[in-house]
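> File follows, run.pdb with PDB, C-alpha atoms and all ligand atoms:
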```
ATOM      1  CA  MET A   1      16.836 -53.491  12.843
ATOM      2  CA  TYR A   2      16.782 -50.000  11.383
ATOM      3  CA  ASN A   3      20.524 -49.554  10.825
ATOM      4  CA  LEU A   4      21.208 -46.168  12.369
ATOM      5  CA  HIS A   5      24.963 -46.471  11.850
ATOM      6  CA  GLY A   6      26.806 -43.190  12.194
ATOM      7  CA  LYS A   7      23.852 -41.243  13.582
ATOM      8  CA  VAL A   8      24.296 -39.369  16.856
ATOM      9  CA  ALA A   9      21.377 -39.570  19.292
ATOM     10  CA  VAL A  10      20.829 -37.485  22.430
ATOM     11  CA  ILE A  11      18.330 -38.907  24.924
ATOM     12  CA  THR A  12      17.231 -36.845  27.914
ATOM     13  CA  GLY A  13      16.197 -38.571  31.140
ATOM     14  CA  SER A  14      18.059 -41.739  30.124
ATOM     15  CA  GLY A  15      20.049 -42.252  33.321
ATOM     16  CA  ARG A  16      17.441 -44.059  35.401
ATOM     17  CA  ARG A  17      17.370 -47.824  35.801
ATOM     18  CA  LEU A  18      14.266 -49.544  34.366
ATOM     19  CA  GLY A  19      13.264 -46.328  32.638
ATOM     20  CA  ILE A  20      12.076 -45.882  29.074
ATOM     21  CA  GLY A  21      15.160 -43.695  28.445
ATOM     22  CA  GLU A  22      17.547 -46.522  29.341
ATOM     23  CA  ALA A  23      15.760 -48.854  26.903
ATOM     24  CA  ILE A  24      15.795 -46.228  24.147
ATOM     25  CA  ALA A  25      19.505 -45.553  24.646
ATOM     26  CA  LYS A  26      20.372 -49.261  24.550
ATOM     27  CA  ARG A  27      18.224 -49.901  21.486
ATOM     28  CA  LEU A  28      19.654 -46.931  19.562
ATOM     29  CA  ALA A  29      23.199 -47.989  20.522
ATOM     30  CA  ALA A  30      22.453 -51.531  19.309
ATOM     31  CA  GLU A  31      21.242 -49.998  16.013
ATOM     32  CA  GLY A  32      24.640 -48.322  15.590
ATOM     33  CA  CYS A  33      23.902 -44.863  16.967
ATOM     34  CA  ARG A  34      26.501 -43.006  18.934
ATOM     35  CA  VAL A  35      24.532 -42.244  22.059
ATOM     36  CA  VAL A  36      24.538 -39.316  24.466
ATOM     37  CA  LEU A  37      22.959 -40.361  27.747
ATOM     38  CA  SER A  38      21.720 -37.550  29.885
ATOM     39  CA  ASP A  39      19.933 -37.045  33.174
ATOM     40  CA  LEU A  40      19.652 -34.756  36.169
ATOM     41  CA  GLY A  41      22.366 -36.787  37.938
ATOM     42  CA  GLN A  42      21.586 -35.587  41.452
ATOM     43  CA  ALA A  43      18.585 -34.872  43.641
ATOM     44  CA  LYS A  44      17.364 -31.261  43.509
ATOM     45  CA  GLY A  45      14.930 -29.999  46.136
ATOM     46  CA  GLU A  46      11.661 -31.565  47.203
ATOM     47  CA  ALA A  47      10.257 -32.072  43.716
ATOM     48  CA  PHE A  48      13.297 -33.986  42.424
ATOM     49  CA  GLY A  49      14.062 -36.506  45.179
ATOM     50  CA  ALA A  50      16.731 -39.191  44.723
ATOM     51  CA  GLU A  51      14.064 -41.923  44.614
ATOM     52  CA  HIS A  52      12.538 -40.448  41.438
ATOM     53  CA  ILE A  53      15.449 -39.265  39.342
ATOM     54  CA  GLY A  54      18.414 -40.716  37.480
ATOM     55  CA  LEU A  55      21.527 -40.318  39.653
ATOM     56  CA  SER A  56      25.056 -40.030  38.214
ATOM     57  CA  ASP A  57      26.080 -43.506  39.431
ATOM     58  CA  GLU A  58      23.012 -45.036  37.813
ATOM     59  CA  MET A  59      23.663 -43.207  34.531
ATOM     60  CA  ASN A  60      27.342 -44.222  34.560
ATOM     61  CA  GLY A  61      26.279 -47.850  35.101
ATOM     62  CA  ILE A  62      24.073 -47.671  31.991
ATOM     63  CA  LEU A  63      26.954 -46.017  30.117
ATOM     64  CA  ASP A  64      29.313 -48.871  31.096
ATOM     65  CA  GLU A  65      26.839 -51.468  29.852
ATOM     66  CA  ILE A  66      26.504 -49.755  26.466
ATOM     67  CA  LEU A  67      30.287 -49.487  26.121
ATOM     68  CA  LYS A  68      30.803 -53.127  27.168
ATOM     69  CA  ALA A  69      28.266 -54.212  24.551
ATOM     70  CA  GLY A  70      30.445 -52.494  21.933
ATOM     71  CA  GLY A  71      28.467 -49.261  21.645
ATOM     72  CA  GLU A  72      29.768 -45.720  21.531
ATOM     73  CA  ALA A  73      28.369 -43.411  24.204
ATOM     74  CA  ILE A  74      28.996 -40.597  26.640
ATOM     75  CA  ALA A  75      26.996 -39.356  29.618
ATOM     76  CA  VAL A  76      26.248 -35.683  30.230
ATOM     77  CA  PRO A  77      24.366 -34.357  33.273
ATOM     78  CA  CYS A  78      21.637 -31.944  32.192
ATOM     79  CA  ASP A  79      18.704 -30.314  33.927
ATOM     80  CA  VAL A  80      16.341 -29.843  30.995
ATOM     81  CA  ARG A  81      14.699 -26.881  32.752
ATOM     82  CA  SER A  82      17.856 -24.852  32.186
ATOM     83  CA  GLU A  83      18.624 -23.328  28.790
ATOM     84  CA  SER A  84      22.380 -23.276  29.472
ATOM     85  CA  ASP A  85      22.254 -26.999  30.378
ATOM     86  CA  ALA A  86      20.311 -27.774  27.191
ATOM     87  CA  ALA A  87      22.822 -25.810  25.084
ATOM     88  CA  ASN A  88      25.707 -27.560  26.855
ATOM     89  CA  LEU A  89      24.138 -30.982  26.219
ATOM     90  CA  VAL A  90      24.100 -30.356  22.478
ATOM     91  CA  ALA A  91      27.601 -28.825  22.594
ATOM     92  CA  GLN A  92      28.975 -31.901  24.419
ATOM     93  CA  ALA A  93      27.379 -34.200  21.853
ATOM     94  CA  VAL A  94      28.995 -32.219  19.035
ATOM     95  CA  GLU A  95      32.368 -32.150  20.813
ATOM     96  CA  ALA A  96      32.333 -35.925  21.297
ATOM     97  CA  PHE A  97      30.736 -37.081  18.043
ATOM     98  CA  GLY A  98      30.701 -34.101  15.663
ATOM     99  CA  ARG A  99      26.937 -33.791  15.110
ATOM    100  CA  VAL A 100      23.413 -34.431  16.384
ATOM    101  CA  ASP A 101      20.957 -36.383  14.227
ATOM    102  CA  VAL A 102      18.386 -37.532  16.757
ATOM    103  CA  LEU A 103      17.014 -35.916  19.902
ATOM    104  CA  VAL A 104      14.685 -37.885  22.159
ATOM    105  CA  ASN A 105      12.912 -35.664  24.687
ATOM    106  CA  ASN A 106      12.243 -38.398  27.220
ATOM    107  CA  ALA A 107      12.834 -36.587  30.545
ATOM    108  CA  GLY A 108       9.563 -36.345  32.383
ATOM    109  CA  VAL A 109       7.996 -35.974  35.794
ATOM    110  CA  GLY A 110       5.026 -38.278  36.324
ATOM    111  CA  TYR A 111       5.056 -38.653  40.083
ATOM    112  CA  LEU A 112       3.674 -35.277  41.194
ATOM    113  CA  MET A 113      -0.011 -36.127  41.351
ATOM    114  CA  GLU A 114      -2.705 -34.712  43.606
ATOM    115  CA  PRO A 115      -6.460 -34.127  43.484
ATOM    116  CA  PHE A 116      -6.953 -31.007  41.364
ATOM    117  CA  THR A 117      -8.286 -28.832  44.187
ATOM    118  CA  GLU A 118      -5.201 -29.655  46.262
ATOM    119  CA  PHE A 119      -2.659 -29.347  43.470
ATOM    120  CA  ASN A 120      -0.010 -26.871  44.509
ATOM    121  CA  GLU A 121       1.630 -24.309  42.290
ATOM    122  CA  SER A 122       5.190 -25.540  42.796
ATOM    123  CA  SER A 123       4.250 -29.069  41.651
ATOM    124  CA  TRP A 124       2.453 -27.629  38.614
ATOM    125  CA  ASP A 125       5.568 -25.601  37.728
ATOM    126  CA  ALA A 126       7.926 -28.578  38.210
ATOM    127  CA  VAL A 127       5.863 -30.810  35.899
ATOM    128  CA  LEU A 128       5.391 -28.181  33.192
ATOM    129  CA  ASP A 129       9.029 -27.055  33.424
ATOM    130  CA  VAL A 130      10.405 -30.548  32.799
ATOM    131  CA  ASN A 131       7.795 -32.094  30.511
ATOM    132  CA  LEU A 132       7.105 -29.111  28.288
ATOM    133  CA  LYS A 133       9.673 -26.337  28.752
ATOM    134  CA  GLY A 134      12.489 -28.917  28.891
ATOM    135  CA  ALA A 135      11.415 -30.339  25.531
ATOM    136  CA  PHE A 136      11.246 -26.816  24.103
ATOM    137  CA  LEU A 137      14.765 -25.928  25.283
ATOM    138  CA  CYS A 138      16.418 -29.173  24.167
ATOM    139  CA  SER A 139      14.567 -29.107  20.820
ATOM    140  CA  LYS A 140      15.615 -25.503  20.257
ATOM    141  CA  HIS A 141      19.327 -26.221  20.715
ATOM    142  CA  ALA A 142      19.215 -29.511  18.824
ATOM    143  CA  ALA A 143      17.402 -27.784  15.948
ATOM    144  CA  ILE A 144      19.994 -24.996  15.827
ATOM    145  CA  GLN A 145      22.670 -27.693  15.460
ATOM    146  CA  MET A 146      20.687 -29.762  12.930
ATOM    147  CA  ILE A 147      20.033 -26.686  10.780
ATOM    148  CA  ALA A 148      23.731 -25.752  10.904
ATOM    149  CA  GLN A 149      24.663 -29.274   9.773
ATOM    150  CA  GLY A 150      22.522 -28.835   6.672
ATOM    151  CA  ARG A 151      20.292 -31.259   4.950
ATOM    152  CA  SER A 152      21.824 -34.231   3.186
ATOM    153  CA  GLU A 153      20.845 -34.660  -0.423
ATOM    154  CA  GLY A 154      18.663 -37.718  -0.733
ATOM    155  CA  PRO A 155      17.517 -39.094  -4.062
ATOM    156  CA  VAL A 156      15.634 -36.362  -5.892
ATOM    157  CA  ARG A 157      12.012 -37.170  -6.666
ATOM    158  CA  ARG A 158      10.270 -36.314  -9.894
ATOM    159  CA  SER A 159       8.876 -33.211  -8.199
ATOM    160  CA  GLY A 160      12.468 -32.048  -7.776
ATOM    161  CA  THR A 161      12.406 -32.053  -3.981
ATOM    162  CA  PRO A 162      14.824 -34.145  -1.918
ATOM    163  CA  ASP A 163      13.348 -37.216  -0.229
ATOM    164  CA  GLY A 164      13.734 -35.746   3.228
ATOM    165  CA  SER A 165      16.147 -38.405   4.390
ATOM    166  CA  ALA A 166      18.212 -36.231   6.699
ATOM    167  CA  GLY A 167      18.262 -33.018   8.658
ATOM    168  CA  GLY A 168      17.297 -34.710  11.868
ATOM    169  CA  SER A 169      14.627 -36.461  13.875
ATOM    170  CA  ILE A 170      13.217 -35.086  17.114
ATOM    171  CA  ILE A 171      11.096 -37.538  19.072
ATOM    172  CA  ASN A 172       9.035 -36.394  22.032
ATOM    173  CA  ILE A 173       7.967 -39.036  24.531
ATOM    174  CA  ALA A 174       4.444 -37.897  25.295
ATOM    175  CA  SER A 175       1.839 -40.233  26.805
ATOM    176  CA  GLN A 176      -1.669 -41.590  26.616
ATOM    177  CA  ALA A 177      -2.222 -38.520  28.801
ATOM    178  CA  ALA A 178      -1.534 -36.470  25.660
ATOM    179  CA  LYS A 179      -4.786 -37.836  24.211
ATOM    180  CA  SER A 180      -7.073 -38.454  27.224
ATOM    181  CA  GLY A 181      -7.608 -36.991  30.675
ATOM    182  CA  PHE A 182      -6.611 -38.688  33.938
ATOM    183  CA  PRO A 183      -7.579 -37.928  37.545
ATOM    184  CA  PHE A 184      -4.970 -36.381  39.877
ATOM    185  CA  ALA A 185      -2.815 -35.658  36.844
ATOM    186  CA  ALA A 186      -3.892 -32.196  35.664
ATOM    187  CA  ALA A 187      -0.340 -30.904  35.278
ATOM    188  CA  TYR A 188       0.952 -34.106  33.677
ATOM    189  CA  THR A 189      -1.982 -34.324  31.268
ATOM    190  CA  ALA A 190      -1.727 -30.631  30.354
ATOM    191  CA  SER A 191       2.027 -30.926  29.813
ATOM    192  CA  LYS A 192       1.707 -33.972  27.544
ATOM    193  CA  HIS A 193      -1.137 -32.426  25.513
ATOM    194  CA  GLY A 194       1.144 -29.386  25.209
ATOM    195  CA  LEU A 195       4.024 -31.585  24.088
ATOM    196  CA  VAL A 196       1.935 -32.836  21.177
ATOM    197  CA  GLY A 197       1.197 -29.181  20.299
ATOM    198  CA  LEU A 198       4.947 -28.466  20.356
ATOM    199  CA  THR A 199       5.498 -31.547  18.169
ATOM    200  CA  ARG A 200       3.031 -30.357  15.540
ATOM    201  CA  SER A 201       4.233 -26.764  15.541
ATOM    202  CA  ASN A 202       7.895 -27.774  15.237
ATOM    203  CA  ALA A 203       7.092 -30.324  12.530
ATOM    204  CA  VAL A 204       5.487 -27.581  10.436
ATOM    205  CA  GLU A 205       8.236 -25.037  11.064
ATOM    206  CA  LEU A 206      11.307 -27.267  10.835
ATOM    207  CA  GLY A 207      10.197 -29.444   7.925
ATOM    208  CA  LYS A 208      11.929 -27.207   5.406
ATOM    209  CA  PHE A 209      15.245 -28.081   7.064
ATOM    210  CA  GLY A 210      14.568 -31.799   6.751
ATOM    211  CA  ILE A 211      13.942 -32.027  10.486
ATOM    212  CA  ARG A 212      11.083 -34.364  11.358
ATOM    213  CA  VAL A 213       9.333 -34.007  14.697
ATOM    214  CA  ASN A 214       7.097 -36.740  16.088
ATOM    215  CA  ALA A 215       5.730 -37.847  19.432
ATOM    216  CA  VAL A 216       5.385 -41.344  20.867
ATOM    217  CA  CYS A 217       2.471 -41.880  23.244
ATOM    218  CA  PRO A 218       2.943 -44.871  25.574
ATOM    219  CA  ASN A 219      -0.014 -46.001  27.641
ATOM    220  CA  HIS A 220       1.352 -47.721  30.686
ATOM    221  CA  ILE A 221       4.724 -49.273  31.381
ATOM    222  CA  THR A 222       4.763 -51.005  34.730
ATOM    223  CA  THR A 223       8.437 -50.647  35.588
ATOM    224  CA  GLY A 224      10.051 -47.604  37.241
ATOM    225  CA  LEU A 225       7.706 -44.637  37.158
ATOM    226  CA  GLY A 226       4.831 -46.890  36.031
ATOM    227  CA  ASP A 227       5.247 -49.047  39.109
ATOM    228  CA  TRP A 228       5.098 -45.963  41.321
ATOM    229  CA  GLN A 229       1.923 -44.842  39.493
ATOM    230  CA  ASN A 230       0.307 -48.264  39.952
ATOM    231  CA  ARG A 231       0.873 -48.055  43.682
ATOM    232  CA  PHE A 232      -0.412 -44.469  43.802
ATOM    233  CA  PHE A 233      -3.593 -45.166  41.820
ATOM    234  CA  SER A 234      -4.392 -48.501  43.476
ATOM    235  CA  GLU A 235      -4.161 -46.753  46.859
ATOM    236  CA  LYS A 236      -6.333 -43.826  45.694
ATOM    237  CA  LEU A 237      -8.954 -46.241  44.327
ATOM    238  CA  GLY A 238      -8.799 -48.511  47.387
ATOM    239  CA  LEU A 239      -7.749 -51.532  45.310
ATOM    240  CA  ASP A 240      -4.900 -53.902  45.995
ATOM    241  CA  TYR A 241      -1.976 -53.658  43.574
ATOM    242  CA  ASP A 242      -2.690 -56.901  41.680
ATOM    243  CA  THR A 243      -6.392 -56.111  41.214
ATOM    244  CA  TYR A 244      -5.527 -52.670  39.900
ATOM    245  CA  LEU A 245      -2.951 -54.138  37.479
ATOM    246  CA  LYS A 246      -5.401 -56.822  36.300
ATOM    247  CA  GLY A 247      -7.884 -54.047  35.444
ATOM    248  CA  ILE A 248      -5.261 -52.394  33.228
ATOM    249  CA  VAL A 249      -4.512 -55.674  31.446
ATOM    250  CA  ASP A 250      -8.204 -56.587  31.051
ATOM    251  CA  ARG A 251      -9.111 -53.361  29.253
ATOM    252  CA  ASN A 252      -6.150 -53.599  26.861
ATOM    253  CA  PRO A 253      -7.036 -55.086  23.442
ATOM    254  CA  LEU A 254      -3.682 -56.889  23.288
ATOM    255  CA  GLY A 255      -4.078 -58.091  26.857
ATOM    256  CA  ARG A 256      -0.861 -56.865  28.380
ATOM    257  CA  THR A 257       0.842 -53.754  29.708
ATOM    258  CA  GLY A 258       3.542 -52.016  27.704
ATOM    259  CA  LEU A 259       7.231 -52.785  27.889
ATOM    260  CA  VAL A 260      10.034 -50.252  27.726
ATOM    261  CA  GLU A 261      11.228 -52.136  24.625
ATOM    262  CA  ASP A 262       7.901 -51.431  22.877
ATOM    263  CA  ILE A 263       8.640 -47.724  23.163
ATOM    264  CA  ALA A 264      12.298 -48.136  22.162
ATOM    265  CA  LYS A 265      11.237 -49.938  18.951
ATOM    266  CA  ALA A 266       8.910 -47.078  17.967
ATOM    267  CA  VAL A 267      11.673 -44.558  18.674
ATOM    268  CA  ALA A 268      14.168 -46.520  16.534
ATOM    269  CA  PHE A 269      11.657 -46.466  13.660
ATOM    270  CA  LEU A 270      11.050 -42.724  13.986
ATOM    271  CA  ALA A 271      14.815 -42.092  14.218
ATOM    272  CA  SER A 272      15.430 -44.035  11.032
ATOM    273  CA  ASP A 273      15.002 -43.165   7.373
ATOM    274  CA  GLN A 274      12.235 -45.812   7.239
ATOM    275  CA  SER A 275       9.989 -43.059   8.610
ATOM    276  CA  ALA A 276      11.347 -40.387   6.234
ATOM    277  CA  TYR A 277       7.857 -39.160   5.235
ATOM    278  CA  ILE A 278       6.383 -39.123   8.735
ATOM    279  CA  THR A 279       6.343 -35.896  10.720
ATOM    280  CA  GLY A 280       3.939 -34.143  13.077
ATOM    281  CA  GLU A 281       2.538 -37.495  14.268
ATOM    282  CA  ALA A 282       1.645 -38.461  17.818
ATOM    283  CA  MET A 283       1.967 -42.240  17.557
ATOM    284  CA  ASN A 284       0.143 -44.377  20.128
ATOM    285  CA  VAL A 285       2.115 -47.339  21.450
ATOM    286  CA  SER A 286      -0.589 -48.661  23.698
ATOM    287  CA  GLY A 287      -1.677 -52.142  22.616
ATOM    288  CA  GLY A 288      -4.774 -50.524  21.107
ATOM    289  CA  GLU A 289      -5.955 -48.919  24.341
ATOM    290  CA  GLU A 290      -5.649 -45.448  22.830
ATOM    291  CA  TYR A 291      -6.391 -45.027  19.153
ATOM    292  CA  HIS A 292      -7.109 -41.398  18.360
TER     293      HIS A 292
HETATM  294  N1  LIG B 301       6.094 -45.264  32.519
HETATM  295  C1  LIG B 301       4.972 -45.055  31.855
HETATM  296  O1  LIG B 301       4.010 -45.789  31.968
HETATM  297  C2  LIG B 301       4.881 -43.879  30.926
HETATM  298  C3  LIG B 301       3.714 -43.741  30.175
HETATM  299  C4  LIG B 301       3.597 -42.682  29.300
HETATM  300  C5  LIG B 301       4.623 -41.773  29.167
HETATM  301  N2  LIG B 301       5.755 -41.907  29.915
HETATM  302  C6  LIG B 301       6.814 -40.908  29.717
HETATM  303  O2  LIG B 301       8.008 -41.554  29.385
HETATM  304  C7  LIG B 301       9.117 -40.755  29.815
HETATM  305  C8  LIG B 301      10.058 -41.627  30.625
HETATM  306  O3  LIG B 301       9.382 -42.065  31.783
HETATM  307  P1  LIG B 301       9.753 -43.374  32.606
HETATM  308  O4  LIG B 301       8.522 -44.151  32.746
HETATM  309  O5  LIG B 301      10.942 -44.023  32.035
HETATM  310  O6  LIG B 301      10.048 -42.738  34.020
HETATM  311  P2  LIG B 301      11.404 -42.384  34.759
HETATM  312  O7  LIG B 301      11.007 -41.628  35.964
HETATM  313  O8  LIG B 301      12.198 -43.619  34.921
HETATM  314  O9  LIG B 301      12.153 -41.437  33.730
HETATM  315  C9  LIG B 301      12.066 -40.039  33.738
HETATM  316  C10 LIG B 301      13.467 -39.496  33.685
HETATM  317  O10 LIG B 301      13.393 -38.058  33.609
HETATM  318  C11 LIG B 301      14.433 -37.560  34.412
HETATM  319  N3  LIG B 301      14.212 -36.174  34.814
HETATM  320  C12 LIG B 301      13.290 -35.694  35.704
HETATM  321  N4  LIG B 301      13.475 -34.376  35.857
HETATM  322  C13 LIG B 301      14.510 -34.010  35.058
HETATM  323  C14 LIG B 301      15.169 -32.781  34.783
HETATM  324  N5  LIG B 301      14.797 -31.638  35.386
HETATM  325  N6  LIG B 301      16.202 -32.775  33.900
HETATM  326  C15 LIG B 301      16.597 -33.932  33.299
HETATM  327  N7  LIG B 301      16.018 -35.124  33.522
HETATM  328  C16 LIG B 301      14.977 -35.160  34.394
HETATM  329  C17 LIG B 301      14.466 -38.486  35.617
HETATM  330  O11 LIG B 301      15.682 -38.376  36.328
HETATM  331  C18 LIG B 301      14.267 -39.845  34.955
HETATM  332  O12 LIG B 301      15.494 -40.417  34.578
HETATM  333  C19 LIG B 301       8.528 -39.602  30.590
HETATM  334  O13 LIG B 301       8.459 -38.459  29.769
HETATM  335  C20 LIG B 301       7.139 -40.102  30.953
HETATM  336  O14 LIG B 301       6.238 -39.047  31.149
HETATM  337  C21 LIG B 301       5.907 -42.939  30.783
END
```
Kindly return the structure encoded in the file as structure tokens.
Ligand SMILES: NC(=O)c1ccc[n+]([C@@H]2O[C@H](COP(=O)([O-])OP(=O)(O)OC[C@H]3O[C@@H](n4cnc5c(N)ncnc54)[C@H](O)[C@@H]3O)[C@@H](O)[C@H]2O)c1

Amino acid sequence: MYNLHGKVAVITGSGRRLGIGEAIAKRLAAEGCRVVLSDLGQAKGEAFGAEHIGLSDEMNGILDEILKAGGEAIAVPCDVRSESDAANLVAQAVEAFGRVDVLVNNAGVGYLMEPFTEFNESSWDAVLDVNLKGAFLCSKHAAIQMIAQGRSEGPVRRSGTPDGSAGGSIINIASQAAKSGFPFAAAYTASKHGLVGLTRSNAVELGKFGIRVNAVCPNHITTGLGDWQNRFFSEKLGLDYDTYLKGIVDRNPLGRTGLVEDIAKAVAFLASDQSAYITGEAMNVSGGEEYH
């Protein structure tokens, strides 16, 4: 356990059952964080159908479970593509809990996939708007709040600089697709590569405020979105589902697919002071499948 007692964590895209965001929210709550769940809450047009997004009822169910387990949490609907929604998300967190210490940019669209020559502009825009612009907007408003909170004075090192123990931690959920290319996923892959660029740029710029910015790069989680992707790719490759899944497991050095909890553990570490000297990283959590 990383003991995150008293920290306030905002997690976008955390209102969908079986999602990585749900696991992150539950793990951070179990570590003592006061948690702000957030998701789109309702279907919006063709690109954001009810079958792919976290609905209000789903998010409220996750909220209830965190509260029943003794955690502190609220739920705030937020479309990360909207700057006013992003600003409101941070404002609601501050109103409820007084501060923001951790932002996890987890909201993502990974189900709009087509062969490149058939990829339409509206799908490209939807993917880039959520995965990259959404992270920019939420990071911007979280950083404004973290800077206003000031940097806590950690033990002073011999060099005279504080140990960087506070300010804040922004964690971007990128992907293996931030490191390697994938067929049918030009927009997704471009957005996740871009998210690592945003991570590095913000790490350099916000470091002086004690704000650390890192990315976590999962390879393949087979629940929720991952399950949808397995079906999509097995169909495209003409393989049955189990054969396709076995291929994923066989090429993984640790011989299994990822679990949402694997990602939540990495996020808890990056949210904690145990990672106080780590910023600008894009950490693979892939069982060794991706290592650069
Ligand atoms: N599942 C995997 O194998 C895998 C692998 C690598 C990276 N990822 C990344 O992990 C993150 C979580 O994915 P997941 O697998 O839990 O899938 P998921 O579909 O369960 O979660 C994505 C969440 O983003 C939300 N979202 C979509 N558009 C939004 C918007 N406009 N505003 C706010 N929220 C919005 C959805 O409602 C959903 O709750 C994503 O960024 C995804 O790209 C997933």
> Using 3 Å of padding on each side, determine the axis-aligned box around all atoms of ligand LIG 301 (chain B) present in the file and give its centre and edge lengths in Å to one decimal, as JSON.

```
{"center_x": 10.1, "center_y": -38.7, "center_z": 32.7, "size_x": 19.0, "size_y": 20.2, "size_z": 13.2}
```
> List all protein, DNA and RNA residues that have any atom at most 8 Å from ligand LIG 301 (chain B), counting all atoms listed in the file, and write the list as an MDAnalysis selection string.
chainID A and resid 12:22 38:41 48 52:55 77:81 105:111 129:131 134 173:177 188 192 217:227 229 258 260
> Which neighbours of stretch 194-206 of chain A fall inside 7 Å, counting only C-alpha atoms, when residues of the same chain fewer than 3 positions from it are skipped, and could you give them as a list in words?
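Listed by chain and then number, they are Leu132, Ala174, Ala178, Ala190, Ser191, Phe209, Gly210, Ile211, Arg212, Val213, Asn214, Ala215, Thr279, Gly280 and Ala282 of chain A.
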> Between atom CA of A:Gly288 and atom CA of A:Val102, measure the distance and give it in Å to one decimal.
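Pair atom CA of A:Gly288 / atom CA of A:Val102 returns 26.9 Å.
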> Mind giving me the straight-line distance from atom CA of A:Lys7 to atom CA of A:Ala86 in Å, one decimal?
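Taking atom CA of A:Lys7 as the start and atom CA of A:Ala86 as the end point, the length is 19.5 Å.
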> Restricting the calculation to all atoms listed in the file: of A:Leu128, A:Leu237, A:Cys138, A:Ala73, which residue gets closest to A:Ala9?
A:Ala73
> Please report the interatomic distance between atom CA of A:Ala23 and atom CA of A:Leu103 in Å with one decimal.
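Interatomic distance, atom CA of A:Ala23 to atom CA of A:Leu103: 14.8 Å.
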> Leaving out A:Thr243 and any residue of its chain fewer than 5 positions from it, which residues lie within 10 Å of it when counting all atoms listed in the file, given as a JSON list (two decimals) with C-alpha atoms, in the coordinates of the input?

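After the write, selection.json holds the following:
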```json
[["chain", "number", "residue", "atom", "x", "y", "z"],
["A", 234, "SER", "CA", -4.39, -48.50, 43.48],
["A", 248, "ILE", "CA", -5.26, -52.39, 33.23],
["A", 249, "VAL", "CA", -4.51, -55.67, 31.45]]
```
> Would you be able to write out as a ChimeraX atom specification which residues have an atom within 9 Å of (27.1, -42.4, 34.5) in the file's coordinates, counting all atoms listed in the file?
/A:15,37-38,41,55-64,74-77
> Which is closer to A:Thr117 than all the others in A:Val267, A:Ala25, A:Phe184, A:Lys236, using all atoms listed in the file?
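Using all atoms listed in the file, A:Thr117 sits closest to A:Phe184.
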